[in-house]
Structures are given as C-alpha cells and as structure tokens.
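Peer 1: File entry.tsv below, TSV, C-alpha atoms:
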```
chain	number	residue	atom	x	y	z
W	1399	MET	CA	6.65	1.56	-12.95
W	1400	ALA	CA	4.39	-0.26	-10.55
W	1401	ALA	CA	3.86	-3.92	-11.28
W	1402	ALA	CA	0.57	-5.48	-12.26
W	1403	ARG	CA	-0.61	-8.46	-10.31
W	1404	LYS	CA	-0.64	-12.01	-11.53
W	1405	HIS	CA	-2.32	-12.22	-14.91
W	1406	PRO	CA	-0.18	-10.79	-17.66
W	1407	ARG	CA	-2.84	-9.77	-20.17
W	1408	ARG	CA	-6.08	-9.34	-18.34
W	1409	ALA	CA	-6.77	-8.90	-14.68
W	1410	SER	CA	-10.23	-8.99	-13.15
W	1411	ARG	CA	-11.13	-7.64	-9.76
W	1412	GLY	CA	-10.91	-10.15	-6.97
W	1413	ASN	CA	-13.56	-12.83	-6.89
W	1414	GLY	CA	-14.31	-12.87	-10.61
W	1415	SER	CA	-18.03	-13.34	-10.01
W	1416	GLY	CA	-18.87	-10.75	-12.63
W	1417	ASN	CA	-20.39	-8.19	-10.26
W	1418	GLY	CA	-19.46	-5.16	-12.31
W	1419	ALA	CA	-15.71	-5.67	-12.47
W	1420	LEU	CA	-14.33	-5.03	-15.92
W	1421	PRO	CA	-11.46	-6.98	-17.41
W	1422	ILE	CA	-8.40	-4.71	-17.59
W	1423	GLU	CA	-6.38	-4.42	-20.76
W	1424	LEU	CA	-2.72	-4.04	-19.84
W	1425	GLY	CA	-1.79	-3.61	-23.49
W	1426	PRO	CA	1.87	-3.24	-24.40
W	1427	LEU	CA	2.95	-3.13	-20.72
W	1428	THR	CA	3.18	-6.90	-20.73
W	1429	GLY	CA	5.95	-7.04	-23.35
W	1430	PHE	CA	8.22	-4.55	-21.57
W	1431	ILE	CA	11.48	-5.87	-20.13
W	1432	GLY	CA	11.44	-3.44	-17.20
W	1433	TYR	CA	7.87	-4.35	-16.34
W	1434	ALA	CA	8.56	-8.11	-16.48
W	1435	LEU	CA	11.68	-7.63	-14.32
W	1436	ARG	CA	9.69	-5.70	-11.77
W	1437	ARG	CA	6.95	-8.31	-11.58
W	1438	ALA	CA	9.45	-11.18	-11.29
W	1439	GLN	CA	11.37	-9.31	-8.63
W	1440	ILE	CA	8.19	-8.84	-6.60
W	1441	VAL	CA	7.29	-12.55	-6.92
W	1442	ALA	CA	10.79	-13.56	-5.78
W	1443	PHE	CA	10.94	-10.98	-3.01
W	1444	THR	CA	7.52	-11.92	-1.63
W	1445	ASP	CA	8.58	-15.56	-1.36
W	1446	PHE	CA	11.91	-14.60	0.23
W	1447	ILE	CA	10.22	-12.34	2.80
W	1448	ALA	CA	7.92	-15.20	3.79
W	1449	SER	CA	10.90	-17.56	4.15
W	1450	LEU	CA	12.92	-15.23	6.35
W	1451	ARG	CA	9.96	-14.54	8.60
W	1452	GLN	CA	10.58	-17.99	10.09
W	1453	VAL	CA	13.76	-16.64	11.70
W	1454	ASN	CA	12.39	-13.15	12.26
W	1455	LEU	CA	14.65	-11.53	9.68
W	1456	ARG	CA	13.93	-9.18	6.81
W	1457	PRO	CA	15.83	-9.24	3.50
W	1458	ALA	CA	17.72	-6.01	4.27
W	1459	ILE	CA	18.99	-7.39	7.58
W	1460	PHE	CA	19.89	-10.68	5.92
W	1461	GLY	CA	21.96	-8.78	3.34
W	1462	VAL	CA	23.81	-6.89	6.06
W	1463	LEU	CA	24.55	-10.08	8.02
W	1464	MET	CA	25.90	-11.70	4.85
W	1465	ILE	CA	28.19	-8.78	4.07
W	1466	ILE	CA	29.53	-8.54	7.64
W	1467	ASP	CA	30.10	-12.30	7.68
W	1468	GLN	CA	32.06	-12.13	4.42
W	1469	ASN	CA	33.95	-8.98	5.47
W	1470	PRO	CA	34.50	-8.93	9.25
W	1471	GLY	CA	35.57	-5.50	10.46
W	1472	LEU	CA	34.20	-3.66	7.44
W	1473	PRO	CA	33.33	0.02	8.11
W	1474	GLN	CA	29.60	0.67	8.02
W	1475	SER	CA	29.98	3.23	5.25
W	1476	GLN	CA	31.23	0.49	2.94
W	1477	ILE	CA	28.43	-1.85	3.92
W	1478	CYS	CA	25.92	0.82	2.89
W	1479	SER	CA	27.76	1.39	-0.35
W	1480	ALA	CA	27.96	-2.33	-1.18
W	1481	LEU	CA	24.28	-2.93	-0.51
W	1482	GLY	CA	22.98	0.33	-1.94
W	1483	ILE	CA	21.51	1.32	1.44
W	1484	GLN	CA	21.20	5.01	2.33
W	1485	LYS	CA	23.17	5.87	5.49
W	1486	ALA	CA	20.01	7.27	7.06
W	1487	ASN	CA	18.33	3.88	6.61
W	1488	PHE	CA	21.30	1.93	7.94
W	1489	GLY	CA	21.09	3.36	11.47
W	1490	PRO	CA	17.90	1.52	12.44
W	1491	LEU	CA	19.24	-1.72	10.91
W	1492	LEU	CA	22.40	-1.43	12.97
W	1493	THR	CA	20.44	-0.67	16.14
W	1494	GLU	CA	18.34	-3.76	15.54
W	1495	LEU	CA	21.43	-5.93	14.98
W	1496	GLU	CA	22.96	-4.67	18.24
W	1497	GLU	CA	19.79	-4.97	20.30
W	1498	ARG	CA	19.33	-8.54	19.12
W	1499	LYS	CA	23.02	-9.13	19.87
W	1500	LEU	CA	23.67	-10.34	16.33
W	1501	ALA	CA	26.52	-7.91	15.64
W	1502	VAL	CA	28.91	-5.65	17.55
W	1503	ARG	CA	30.81	-2.58	16.45
W	1504	HIS	CA	34.25	-1.33	17.35
W	1505	GLU	CA	35.85	1.99	16.55
W	1506	GLY	CA	37.60	1.85	13.18
W	1507	VAL	CA	41.40	1.61	13.18
W	1508	ASN	CA	41.94	4.16	10.44
W	1509	ASP	CA	38.91	6.32	11.00
W	1510	ARG	CA	37.60	6.76	14.53
W	1511	ARG	CA	34.33	8.23	13.27
W	1512	SER	CA	33.55	4.98	11.47
W	1513	TYR	CA	32.70	1.69	13.13
W	1514	ALA	CA	33.93	-1.73	12.10
W	1515	LEU	CA	31.28	-4.43	12.37
W	1516	HIS	CA	31.56	-8.08	13.44
W	1517	LEU	CA	28.98	-10.84	13.86
W	1518	THR	CA	28.51	-12.36	17.30
W	1519	PRO	CA	28.23	-16.16	17.65
W	1520	ALA	CA	24.44	-15.69	17.85
W	1521	GLY	CA	24.61	-13.66	14.64
W	1522	LYS	CA	26.57	-16.39	12.89
W	1523	GLU	CA	24.11	-19.04	14.09
W	1524	LEU	CA	21.09	-17.07	12.89
W	1525	LEU	CA	22.75	-16.37	9.55
W	1526	HIS	CA	23.40	-20.10	9.16
W	1527	ARG	CA	19.68	-20.85	9.62
W	1528	ALA	CA	18.68	-17.98	7.35
W	1529	ARG	CA	21.00	-19.22	4.62
W	1530	ALA	CA	19.36	-22.64	4.74
W	1531	LEU	CA	15.94	-20.99	4.30
W	1532	HIS	CA	17.35	-18.89	1.50
W	1533	GLY	CA	18.62	-22.04	-0.19
W	1534	GLU	CA	15.10	-23.48	-0.16
W	1535	HIS	CA	13.73	-20.23	-1.60
W	1536	GLU	CA	16.36	-20.28	-4.35
W	1537	ALA	CA	15.50	-23.91	-5.14
W	1538	ARG	CA	11.84	-22.96	-5.54
W	1539	LEU	CA	12.76	-20.25	-8.04
W	1540	ALA	CA	15.11	-22.59	-9.92
W	1541	LYS	CA	12.45	-25.28	-10.14
W	1542	ARG	CA	10.05	-22.76	-11.59
W	1543	LEU	CA	12.62	-21.76	-14.21
W	1544	GLY	CA	13.01	-25.34	-15.44
W	1545	ALA	CA	16.12	-27.24	-16.53
W	1546	GLY	CA	18.97	-24.85	-17.33
W	1547	GLY	CA	16.70	-21.88	-16.70
W	1548	ARG	CA	18.53	-20.55	-13.66
W	1549	THR	CA	21.93	-20.45	-15.41
W	1550	GLN	CA	20.38	-18.89	-18.49
W	1551	LEU	CA	18.55	-16.24	-16.46
W	1552	LEU	CA	21.64	-15.30	-14.43
W	1553	LYS	CA	23.65	-14.95	-17.65
W	1554	LEU	CA	21.05	-12.64	-19.19
W	1555	LEU	CA	20.67	-10.55	-16.02
W	1556	ASP	CA	24.44	-10.23	-15.81
W	1557	ARG	CA	24.43	-8.66	-19.27
W	1558	LEU	CA	22.04	-6.00	-17.99
W	1559	ASN	CA	24.04	-5.53	-14.79
W	1560	SER	CA	27.56	-5.52	-16.09
W	1561	SER	CA	27.85	-1.82	-16.96
W	1562	ASP	CA	25.88	1.35	-17.52
W	1563	LEU	CA	23.41	1.44	-20.36
W	1564	ALA	CA	24.60	3.40	-23.36
I	610	MET	CA	17.35	-7.52	-0.14
I	611	ALA	CA	19.03	-4.31	-1.13
I	612	ALA	CA	21.01	-4.45	-4.32
I	613	ALA	CA	24.75	-4.00	-4.56
I	614	ARG	CA	26.10	-1.53	-7.01
I	615	LYS	CA	27.81	-2.32	-10.26
I	616	HIS	CA	30.57	-4.82	-9.68
I	617	PRO	CA	29.24	-8.28	-9.00
I	618	ARG	CA	32.12	-9.73	-7.02
I	619	ARG	CA	34.10	-6.93	-5.56
I	620	ALA	CA	33.18	-3.32	-5.07
I	621	SER	CA	35.61	-0.68	-3.96
I	622	ARG	CA	34.68	2.69	-2.59
I	623	GLY	CA	34.36	5.38	-5.19
I	624	ASN	CA	37.59	6.71	-6.60
I	625	GLY	CA	39.61	3.53	-6.17
I	626	SER	CA	42.72	5.50	-5.29
I	627	GLY	CA	43.48	3.14	-2.45
I	628	ASN	CA	43.08	5.60	0.40
I	629	GLY	CA	41.97	3.07	2.96
I	630	ALA	CA	38.97	1.64	1.12
I	631	LEU	CA	38.83	-2.13	1.32
I	632	PRO	CA	37.56	-4.31	-1.51
I	633	ILE	CA	34.23	-5.78	-0.47
I	634	GLU	CA	33.53	-9.48	-0.78
I	635	LEU	CA	29.90	-9.97	-1.74
I	636	GLY	CA	30.30	-13.74	-1.51
I	637	PRO	CA	27.37	-15.95	-2.46
I	638	LEU	CA	25.02	-12.95	-2.88
I	639	THR	CA	26.13	-12.68	-6.49
I	640	GLY	CA	24.74	-16.09	-7.49
I	641	PHE	CA	21.28	-15.45	-6.06
I	642	ILE	CA	18.39	-15.16	-8.51
I	643	GLY	CA	16.53	-12.64	-6.35
I	644	TYR	CA	19.63	-10.49	-5.95
I	645	ALA	CA	20.38	-10.52	-9.69
I	646	LEU	CA	16.75	-9.66	-10.46
I	647	ARG	CA	16.87	-6.75	-8.05
I	648	ARG	CA	20.08	-5.37	-9.50
I	649	ALA	CA	18.81	-5.71	-13.09
I	650	GLN	CA	15.55	-4.08	-12.14
I	651	ILE	CA	17.40	-1.11	-10.64
I	652	VAL	CA	19.59	-0.74	-13.75
I	653	ALA	CA	16.52	-0.82	-16.00
I	654	PHE	CA	14.50	1.47	-13.76
I	655	THR	CA	17.28	4.05	-13.46
I	656	ASP	CA	17.57	4.25	-17.24
I	657	PHE	CA	13.79	4.50	-17.62
I	658	ILE	CA	13.53	7.27	-15.01
I	659	ALA	CA	16.17	9.27	-16.87
I	660	SER	CA	14.29	8.79	-20.17
I	661	LEU	CA	10.94	9.91	-18.83
I	662	ARG	CA	12.47	12.98	-17.21
I	663	GLN	CA	12.61	14.49	-20.70
I	664	VAL	CA	8.81	14.75	-20.67
I	665	ASN	CA	8.56	15.42	-16.94
I	666	LEU	CA	6.96	12.05	-16.15
I	667	ARG	CA	7.76	9.40	-13.57
I	668	PRO	CA	7.33	5.67	-14.20
I	669	ALA	CA	4.27	5.43	-11.92
I	670	ILE	CA	2.48	8.21	-13.81
I	671	PHE	CA	3.48	6.66	-17.12
I	672	GLY	CA	1.93	3.35	-16.02
I	673	VAL	CA	-1.31	5.08	-15.04
I	674	LEU	CA	-1.50	6.96	-18.37
I	675	MET	CA	-0.95	3.67	-20.23
I	676	ILE	CA	-3.71	1.89	-18.33
I	677	ILE	CA	-6.21	4.74	-18.75
I	678	ASP	CA	-5.40	4.95	-22.45
I	679	GLN	CA	-5.98	1.21	-22.88
I	680	ASN	CA	-9.12	1.24	-20.70
I	681	PRO	CA	-10.95	4.56	-21.02
I	682	GLY	CA	-13.53	4.98	-18.25
I	683	LEU	CA	-11.94	2.47	-15.93
I	684	PRO	CA	-12.72	3.06	-12.22
I	685	GLN	CA	-9.70	4.21	-10.25
I	686	SER	CA	-9.96	1.24	-7.88
I	687	GLN	CA	-9.26	-1.08	-10.79
I	688	ILE	CA	-6.32	0.99	-11.98
I	689	CYS	CA	-4.77	0.65	-8.53
I	690	SER	CA	-5.40	-3.06	-8.55
I	691	ALA	CA	-3.93	-3.55	-12.04
I	692	LEU	CA	-0.77	-1.59	-11.25
I	693	GLY	CA	-0.32	-2.80	-7.68
I	694	ILE	CA	-0.63	0.78	-6.36
I	695	GLN	CA	-2.03	1.38	-2.87
I	696	LYS	CA	-5.14	3.56	-2.95
I	697	ALA	CA	-3.48	6.00	-0.54
I	698	ASN	CA	-0.65	6.48	-3.04
I	699	PHE	CA	-2.96	6.88	-6.00
I	700	GLY	CA	-4.57	10.11	-4.74
I	701	PRO	CA	-1.51	12.30	-5.33
I	702	LEU	CA	-0.94	10.71	-8.77
I	703	LEU	CA	-4.51	11.51	-9.76
I	704	THR	CA	-4.23	15.08	-8.45
I	705	GLU	CA	-1.09	15.55	-10.54
I	706	LEU	CA	-2.79	14.15	-13.66
I	707	GLU	CA	-5.71	16.52	-13.18
I	708	GLU	CA	-3.62	19.58	-12.39
I	709	ARG	CA	-1.52	18.99	-15.47
I	710	LYS	CA	-4.77	18.46	-17.42
I	711	LEU	CA	-3.62	15.05	-18.65
I	712	ALA	CA	-6.70	13.18	-17.40
I	713	VAL	CA	-10.25	13.94	-16.26
I	714	ARG	CA	-12.58	11.96	-14.06
I	715	HIS	CA	-16.33	11.48	-14.20
I	716	GLU	CA	-18.64	9.88	-11.67
I	717	GLY	CA	-18.90	6.16	-12.31
I	718	VAL	CA	-22.07	4.87	-13.95
I	719	ASN	CA	-22.51	1.89	-11.64
I	720	ASP	CA	-20.86	3.24	-8.54
I	721	ARG	CA	-21.10	6.95	-7.81
I	722	ARG	CA	-18.35	6.77	-5.19
I	723	SER	CA	-15.90	5.65	-7.86
I	724	TYR	CA	-14.58	7.82	-10.66
I	725	ALA	CA	-14.06	6.75	-14.24
I	726	LEU	CA	-10.90	8.16	-15.80
I	727	HIS	CA	-10.21	9.39	-19.32
I	728	LEU	CA	-7.16	10.96	-20.95
I	729	THR	CA	-7.42	14.47	-22.34
I	730	PRO	CA	-5.97	15.26	-25.79
I	731	ALA	CA	-2.93	16.69	-23.95
I	732	GLY	CA	-2.64	13.43	-21.98
I	733	LYS	CA	-2.76	11.39	-25.20
I	734	GLU	CA	-0.13	13.60	-26.79
I	735	LEU	CA	2.21	13.35	-23.80
I	736	LEU	CA	1.73	9.59	-23.62
I	737	HIS	CA	2.62	9.36	-27.30
I	738	ARG	CA	5.94	11.15	-26.66
I	739	ALA	CA	6.59	9.10	-23.53
I	740	ARG	CA	6.00	5.86	-25.42
I	741	ALA	CA	8.58	6.87	-28.00
I	742	LEU	CA	11.11	7.49	-25.20
I	743	HIS	CA	10.14	4.20	-23.65
I	744	GLY	CA	10.75	2.46	-26.97
I	745	GLU	CA	14.28	3.85	-27.04
I	746	HIS	CA	14.84	2.67	-23.45
I	747	GLU	CA	13.56	-0.80	-24.33
I	748	ALA	CA	15.86	-0.90	-27.37
I	749	ARG	CA	18.85	-0.08	-25.14
I	750	LEU	CA	17.98	-2.99	-22.86
I	751	ALA	CA	17.43	-5.34	-25.81
I	752	LYS	CA	20.76	-4.36	-27.36
I	753	ARG	CA	22.48	-5.11	-24.07
I	754	LEU	CA	20.84	-8.54	-23.96
I	755	GLY	CA	22.18	-9.49	-27.40
I	756	ALA	CA	20.55	-11.41	-30.23
I	757	GLY	CA	17.54	-13.37	-29.01
I	758	GLY	CA	18.22	-12.27	-25.44
I	759	ARG	CA	15.10	-10.21	-24.99
I	760	THR	CA	12.75	-13.01	-26.05
I	761	GLN	CA	14.65	-15.50	-23.91
I	762	LEU	CA	14.58	-13.23	-20.86
I	763	LEU	CA	10.84	-12.50	-21.18
I	764	LYS	CA	10.15	-16.24	-21.46
I	765	LEU	CA	12.15	-16.98	-18.30
I	766	LEU	CA	10.61	-14.10	-16.34
I	767	ASP	CA	7.16	-15.25	-17.41
I	768	ARG	CA	7.86	-18.63	-15.79
I	769	LEU	CA	8.55	-16.83	-12.52
I	770	ASN	CA	5.50	-14.61	-12.92
I	771	SER	CA	2.91	-17.07	-14.13
I	772	SER	CA	1.70	-18.35	-10.77
I	773	ASP	CA	2.49	-18.46	-7.08
I	774	LEU	CA	5.62	-20.25	-5.98
I	775	ALA	CA	4.95	-23.66	-4.48
```
Could you take the file, read its structure, and then write that structure out as structure tokens?

Peer 2:
Amino acid sequence: MAAARKHPRRASRGNGSGNGALPIELGPLTGFIGYALRRAQIVAFTDFIASLRQVNLRPAIFGVLMIIDQNPGLPQSQICSALGIQKANFGPLLTELEERKLAVRHEGVNDRRSYALHLTPAGKELLHRARALHGEHEARLAKRLGAGGRTQLLKLLDRLNSSDLA
Amino acid sequence: MAAARKHPRRASRGNGSGNGALPIELGPLTGFIGYALRRAQIVAFTDFIASLRQVNLRPAIFGVLMIIDQNPGLPQSQICSALGIQKANFGPLLTELEERKLAVRHEGVNDRRSYALHLTPAGKELLHRARALHGEHEARLAKRLGAGGRTQLLKLLDRLNSSDLA
C-alpha cells in the first residue's frame, strides 16, 4: 500500500495552523509490518537519492554499476535478473551508461545476441565516489538505528528475505 | 536501488542446470540497509498482493478504504496526503471505488471543490473481509520473524521513520 507521511498516528495538513484541516486517524495501518517497511524504505531511499545526486547518479544506475564492477563481462540478461529490473527498463539505463562512457558492451562469447558489460575507467572512478557517498548515507541510517540496531535490523530483514512466505 | 531476487549472495539464472549461466556476485549490496529494506518490502508486498487478490482488491485501494473507514467524511485531498498518493493517481482509484459502489462522495461542507468520502455498506463488508486476509498475511510475516521479532522490527523501523535523517 502507499505509505503515509511522517507522523505515525495522526497527520495534519501542511502548516498546522488549524485552517480547516482535520487530523487524520491512520488507525491500525501504523502497526502493520508491510506498512512500516514501506515507510522506512521511502525514508532510506529519499536520503539515498539525495546523496547520489551529487554525482549525477540514480539508485538504479548505481546498482547496475555495482553489479558490473563485481561481475565484469556479465550478460545484460543476468544483470536484469539479479537486480529485478525488467528488460524493457534496462535499455535506457544501458544507453545512459554508454553515452556517459561509464560502461562498454561486447558481444557475448557464448551467446552473440547477448552483450557482456564492462566498466570503463571513468565508470570505475564514478562508482568509487558514489560508494563513498553511499557509505555516508548508510552511516546516517545506522546512527538513527542506535547501537546494535543495524545488525539487529539486517538479521530480522534477512528472515523475511530468506525464502518464500508459507 | 532495484532489489535483487531471493539469494542474498549469489543468484543463478533460473533452472540452475548449468547451461552457461554464471553465478552473480552481488558483493557489498547485500549488507546495505536500504537494499535489505527494499527486498523485504517486495517480499511482504508480493504476499499481500496475492492475499488481496482473493477479494479483488489492490493494496492502494485497501489503504484508501482503511483511511475512509477510520475518517468518514474526510476530503480526498487529505486522503492523498495521508497515504502519499499523488492527486493525479487518486482519480482512477476513486472512480473504481464508486463504480464498485464501495464508497460515495458528497460535496465538502467547508470547501465545495473538495469531496468528502464515505464507505457504503458494501464497502464496509469488503473491507472487513480484506482485513481478515490482511491479518493472515501479517501473521505469516510475524511467524517468519520469530518470537519477539515483529515487535523488535517495528521498533527499529520506527526509529528510521520518526523524523528526517540528519
């Protein structure tokens, strides 16, 4: 579901000067795991987007650069699959990477219809700067979570992620 | 960033029969809070979507029904604001609610350009069934999180959600 802004129990409209805005009762929404996950994900994502803007990258492009860096020569179909990106949405990302000379593609060895992707030196340099910004973003989240909070949160999220719900 | 599927460290393509698919190294992505949140949110959302399909509802519509039920007569602008829905996206949701006779709108008392929304008896009945399905979904997530996990997770997520990152 869509995520409510800021205040978990009651949200008032904008300036709070009482000009006809009613307080909104979110009711049981606030105790839902899925709802809390969605709100936290939006908070984290918003901060990450702002960070990456400093190097003119978006999170999706950052993810692709990371995967290519870790797996030089990987076919684009597998990059899509690893990142959960639809093939139709990957085309524009790839075009952008090539136009900005951050990555190059070569015909695949085993499958000539597929292209194997590599980062250029400029791509590696930009990724290096982006990773530093990402580290600062991650530190902000960790600070917010308090001592031990990050480890605890990752452990809990891993339980949700580790297999299909049954 | 986009979320990787299933396997946190290595993902292979589909059938795993070794016909040319390489294992994919996700590298440091897997230790990122934002990445873990995104993956968990997708797991939870996918399960919730499947649940609601039994009553022909989508999560966005469910959220709107919940808010109207908790706040009868609320202007639509405030529903959008509470749920983080763009006004342009709310129009089709409202049309669907009206066509399915789940909600009705009346001209607002204070602002005739705005409409105050109320659930119909059919809307209340459907919401009742949807909330039962949602309860089962929530129980699946809680079971996955283990004893005390749900409370712990909500507490940690609330720390992320409670104010802007600084």

Peer 1: Within 9 Å of Ile1440 in chain W, counting all atoms listed in the file, which residues qualify if same-chain residues fewer than 4 places away don't, as a ChimeraX atom specification?

Peer 2: /W:1401,1435-1436,1444-1445 /I:770

Peer 1: Could you please determine the separation between CA of Glu1534 in chain W and CA of Ile1465 in chain W in Å, to one decimal place?

Peer 2: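 We find that CA of Glu1534 in chain W and CA of Ile1465 in chain W lie 20.1 Å from each other.
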
Peer 1: So the first atom is CA of Gly1461 in chain W and the second is CA of Thr1549 in chain W; what is the distance between them in Å, to one decimal place?

Peer 2: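 The value is 22.1 Å.
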
Peer 1: Identify which of the residues I:Glu716, I:Glu747, I:Asp767, I:Glu705 lies closest to Leu683 in chain I, counting all atoms listed in the file when measuring atom-to-atom distances.

Peer 2: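 The closest residue to Leu683 in chain I is I:Glu716.
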
Peer 1: Would you mind reading off the distance between CA of Gly757 in chain I and CA of Gln1550 in chain W, one decimal, in Å?

Peer 2: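 Atom-to-atom, CA of Gly757 in chain I to CA of Gln1550 in chain W, that is 12.2 Å.
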
Peer 1: What would the list of residues within 10 Å of (37.1, -6.2, 9.7) (file frame) look like as a VMD selection string, if only C-alpha atoms are what count?

Peer 2: (chain W and resid 1466 to 1473 1503 to 1504 1506 to 1507 1513 to 1516) or (chain I and resid 631)

Peer 1: So, counting all atoms listed in the file, which residue among I:Ala659, I:Leu703, I:Leu765, I:Leu742 is closest to chain W?

Peer 2: I:Leu765

Peer 1: Anything within 9 Å of (22.0, -7.8, 12.4): list those residues as a count of residues only, counting only C-alpha atoms and sticking to the file's coordinates.

Peer 2: 20

Peer 1: Write out as a PDB file with C-alpha atoms, in the frame of the given file which residues come within 12 Å of Ala1486 in chain W when counting only C-alpha atoms, dropping same-chain ones fewer than 6 positions away.

Peer 2:
```
ATOM      1  CA  GLN W1474      29.600   0.670   8.020  1.00  0.00           C
ATOM      2  CA  SER W1475      29.980   3.230   5.250  1.00  0.00           C
ATOM      3  CA  CYS W1478      25.920   0.820   2.890  1.00  0.00           C
ATOM      4  CA  LEU W1492      22.400  -1.430  12.970  1.00  0.00           C
TER       5      LEU W1492
END
```

Peer 1: Between I:Arg662, I:Arg753, I:Arg738, I:Lys764, single out the one closest to chain W, counting all atoms listed in the file.

Peer 2: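 Using all atoms listed in the file, chain W sits closest to I:Arg753.
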
Peer 1: Tell me, as a PyMOL selection string, which residues lie within 8 Å of Phe657 in chain I, counting only C-alpha atoms; anything in the same chain fewer than 3 positions away does not count.

Peer 2: chain I and resi 653-654+660-661+668+743+746

Peer 1: Could the residues in this selection be saved with C-alpha atoms as an mmCIF file, in the coordinates of the input?

Peer 2:
```
data_model
loop_
_atom_site.group_PDB
_atom_site.id
_atom_site.type_symbol
_atom_site.label_atom_id
_atom_site.label_comp_id
_atom_site.auth_asym_id
_atom_site.auth_seq_id
_atom_site.Cartn_x
_atom_site.Cartn_y
_atom_site.Cartn_z
ATOM 1 C CA ALA I 653 16.520 -0.820 -16.000
ATOM 2 C CA PHE I 654 14.500 1.470 -13.760
ATOM 3 C CA SER I 660 14.290 8.790 -20.170
ATOM 4 C CA LEU I 661 10.940 9.910 -18.830
ATOM 5 C CA PRO I 668 7.330 5.670 -14.200
ATOM 6 C CA HIS I 743 10.140 4.200 -23.650
ATOM 7 C CA HIS I 746 14.840 2.670 -23.450
#
```

Peer 1: Which residue out of I:Gly700, I:Ile658, I:Asn665, I:Gly693 has the minimum interatomic distance to chain W when only C-alpha atoms are used?

Peer 2: I:Gly693

Peer 1: Hey, what's within 7 Å of Leu754 in chain I if we count all atoms listed in the file and toss same-chain stuff fewer than 4 positions away? As JSON, numbers by chain, please?

Peer 2: {"W": [1554, 1557, 1558], "I": [750, 758, 759]}

Peer 1: Pick the closest to Ala1438 in chain W from I:His737, I:Ser771, I:Gln687, I:Leu692: which is it, counting all atoms listed in the file?

Peer 2: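 Smallest separation from Ala1438 in chain W among the options: I:Ser771.
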
Peer 1: Point out the residue among I:Leu762, I:Pro730, I:Ala748, I:Arg740 with the least atom-to-atom distance to chain W, counting all atoms listed in the file.

Peer 2: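 Checking each candidate against chain W, we get I:Leu762 as the closest.
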